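Take a look at the structure below.
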Amino acid sequence: MKRPFLTALIAAMIPAMVPVGAVAESDHQVHEVTVTEWKAVFGKIETRDMVAARARLGGTLGTITVTEGDRIEEGQKIGTITDQKLILQMNAVDAQLAALAAQLSNAQTELKRGEDLVERGVSTAQRLDGLRTQVDVLTNQIEATRAERSVIVQQADEGAVLAPLSGIVLDVPVTAGAVVMPGEPVAMIGGGGFFLRLAVPERHATFLKQGADILIGGEGAQQTGTLAKVYPQIENGRVIADVEVEGLSTDFVNARVLVRLPVGEHSGLMVHQAAVQTRMGLDFIAVKSDDGHIMQRAVVLGEPQQIEGDAMIEVVSGLNAGDMVVLDYHAPDDHAPAHAGAGDTGHE
């Protein structure tokens, strides 16, 4: 009985066991190197600072000039709050000032008349002192009332809602016409720069070092970032860290991005990915013997790595330290027809 499957499997294994004489373009010796272990986690694009622009005055929100996504500068006016009571208080103080001004004018006239009478000997000095005191009292009352008016003006000016920092408007929880209380947030603003914020399990905290390179994206990712800050407070069993990435997209805050973190090291054998060939679901690497012959070995591969810009891959088994690996090796295909024929004519 024919056994084509068994014959094909044997045909696939024979090139890995016997030497062949193909010419290699280049080769390199395998050495044990320190391999970084990476853990894939998701980070969120966040702003370093998130501050609320709050109402300093209670009243009605008359205008709001920003919406979500707007870019604003520190100190920019983004809304106006009005309080009708302040307008009434201002009118009352203005009327009081007018009354005091009239009383002061009359007192000054009486003082002038008293001085003339004293010069002519008709009035007494005591009477003149009383008139001067009355003028001084009215003058001081006017100054106090003006100071009170300045307080009201300052309260009215605090109706302007100002941006506490430069950044982007993340949320506007109120609308024009709403009644707000002192200290109530009118807009939430994010600023201080954009970072990837990570929440890493605390068992990996000892491996997080400020200034370490972080890979952005999945396996084979080329973009890198720098671990800018590791926060000392652990929240819910996780360490919070910020990664600074050049050219980070800031279109969406809290967008999730795949990040690979260095969480450990071990010794391993690394080869160029160009040295690996896959046939029939098996991985092979061409190895040059001491006498110059080349044979292919079946290997078990680990995780790919980027080492000094080169695409490398770890070999878990099948190679030994000191083996000479041939790059860009192409196995001859003259065995394939013979083994295929043997499979067709094989008998039990």
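We label chains A, B, ... in the order they appear in the structure tokens, count residues from 1 in each chain, and number ligands from 1 in the order shown.
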Point to revise | Gly318 of chain A environment, 9 Å, only C-alpha atoms, sequence neighbours closer than 4 positions dropped, as a PyMOL selection string | key: chain A and resi 284-285+297-301
Point to revise | segment 98-115 of chain A surroundings by only C-alpha atoms, 6 Å radius, close-in-sequence under 5 positions cut, as a VMD selection string | key: chain A and resid 128 131 135 138
Okay, now the selection with C-alpha atoms, as a CSV table (one decimal), in the first residue's frame?
```csv
chain,number,residue,atom,x,y,z
A,128,LEU,CA,-15.2,126.4,63.0
A,131,LEU,CA,-17.4,122.4,60.5
A,135,VAL,CA,-15.9,118.0,56.1
A,138,LEU,CA,-17.7,113.3,54.7
```
Can you pull out every residue from segment 13-200 of chain A that DSSP, working from the backbone, puts in helix (DSSP H, G or I), and format the result as a compact mmCIF listing (two decimals) with C-alpha atoms, in the first residue's frame?
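New file states_13.txt:
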```txt
# COMPACT_ATOMS: atom_id res chain seq x y z
CA MET A 13 13.44 15.94 6.74
CA ILE A 14 16.26 14.55 4.56
CA PRO A 15 17.66 17.96 3.48
CA ALA A 16 17.95 18.92 7.16
CA MET A 17 20.08 15.90 7.99
CA GLN A 84 -27.75 90.83 38.69
CA LYS A 85 -27.29 91.49 42.41
CA LEU A 86 -23.92 93.06 41.72
CA ILE A 87 -25.51 95.51 39.29
CA LEU A 88 -28.04 96.52 41.95
CA GLN A 89 -25.30 96.89 44.55
CA MET A 90 -23.33 99.05 42.13
CA ASN A 91 -26.35 101.32 41.56
CA ALA A 92 -26.86 101.65 45.33
CA VAL A 93 -23.22 102.57 45.91
CA ASP A 94 -23.30 105.12 43.09
CA ALA A 95 -26.38 106.75 44.65
CA GLN A 96 -24.68 106.79 48.05
CA LEU A 97 -21.62 108.45 46.53
CA ALA A 98 -23.81 111.11 44.93
CA ALA A 99 -25.50 111.84 48.28
CA LEU A 100 -22.17 112.06 50.10
CA ALA A 101 -20.78 114.33 47.40
CA ALA A 102 -23.74 116.69 47.88
CA GLN A 103 -23.28 116.64 51.66
CA LEU A 104 -19.55 117.31 51.26
CA SER A 105 -20.22 120.24 48.97
CA ASN A 106 -22.65 121.74 51.52
CA ALA A 107 -20.17 121.14 54.37
CA GLN A 108 -17.38 122.83 52.46
CA THR A 109 -19.66 125.82 51.86
CA GLU A 110 -20.52 126.00 55.56
CA LEU A 111 -16.81 125.75 56.42
CA LYS A 112 -16.00 128.66 54.11
CA ARG A 113 -18.76 130.76 55.66
CA GLY A 114 -17.55 129.88 59.15
CA GLU A 115 -14.02 130.94 58.35
CA ASP A 116 -15.31 134.34 57.14
CA LEU A 117 -17.35 134.78 60.31
CA VAL A 118 -14.38 133.97 62.51
CA GLU A 119 -12.25 136.52 60.69
CA ARG A 120 -14.88 139.15 61.41
CA ALA A 125 -13.26 128.93 66.78
CA GLN A 126 -15.13 126.00 68.34
CA ARG A 127 -17.85 126.33 65.75
CA LEU A 128 -15.19 126.43 63.00
CA ASP A 129 -13.56 123.23 64.30
CA GLY A 130 -16.92 121.45 64.16
CA LEU A 131 -17.39 122.44 60.51
CA ARG A 132 -13.90 121.20 59.62
CA THR A 133 -14.55 117.90 61.35
CA GLN A 134 -17.78 117.46 59.39
CA VAL A 135 -15.90 118.01 56.09
CA ASP A 136 -13.24 115.45 57.07
CA VAL A 137 -15.89 112.88 58.04
CA LEU A 138 -17.73 113.25 54.74
CA THR A 139 -14.45 113.04 52.80
CA ASN A 140 -13.52 109.77 54.55
CA GLN A 141 -17.01 108.36 53.96
CA ILE A 142 -16.67 109.05 50.27
CA GLU A 143 -13.28 107.24 50.18
CA ALA A 144 -14.74 104.24 52.03
CA THR A 145 -17.70 104.12 49.66
CA ARG A 146 -15.39 104.26 46.65
CA ALA A 147 -13.39 101.33 48.09
CA GLU A 148 -16.63 99.40 48.53
CA ARG A 149 -17.48 100.16 44.92
CA SER A 150 -14.04 98.83 43.84
CA VAL A 151 -14.82 95.55 45.61
CA ILE A 152 -18.06 95.21 43.67
CA VAL A 153 -16.27 96.02 40.40
CA GLN A 154 -13.68 93.31 41.17
CA GLN A 155 -16.45 90.79 41.88
CA ALA A 156 -18.06 91.65 38.56
CA ASP A 157 -14.72 91.23 36.78
```
Practice item. Would you kindly return, as a PyMOL selection string, each protein, DNA or RNA residue with an atom no farther than 10 Å from any atom of Ala205 of chain A, considering only C-alpha atoms and excluding same-chain residues fewer than 4 positions away? Key: chain A and resi 200-201+209+230+232+234+238-241+263
Point to revise | Every residue of segment 183-289 of chain A that DSSP places in strand (DSSP E), as an NGL selection string | key: :A and (185-201 or 213-216 or 224-235 or 238-244 or 256-272 or 276-279 or 282-288)
Exercise for review: Would you mind reading off the distance between atom CA of Asp290 of chain A and atom CA of Gln29 of chain A, one decimal, in Å?
Suggested key: 11.9 Å
Point to revise | Nearest candidate to Ala228 of chain A (options A:Ala178, A:Leu208, A:Ile216, A:Met324; using only C-alpha atoms) | key: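 Closest to Ala228 of chain A of all the choices is A:Leu208.
Atom CA of Glu184 of chain A to atom CA of Arg48 of chain A spans 22.0 Å [interatomic distance, one decimal].
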Review point. If you count only C-alpha atoms, which residues fall within 9 Å of segment 272-279 of chain A, apart from same-chain ones fewer than 2 positions away, as a list in words?
Key: Ala12, Asp27, Met270, Gly281, Leu282, Asp283, Phe284, Ile285, Ala286, Val299, Pro304, Asp310, Ala311, Met312, Ile313, Glu314, Val325, Val326, Leu327, Asp328, Tyr329 and His330 of chain A
Check your understanding: What is the atom CA of Val30 of chain A to atom CA of Leu269 of chain A distance in Å?
Key ->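 Computed distance, atom CA of Val30 of chain A to atom CA of Leu269 of chain A, equals 6.6 Å.
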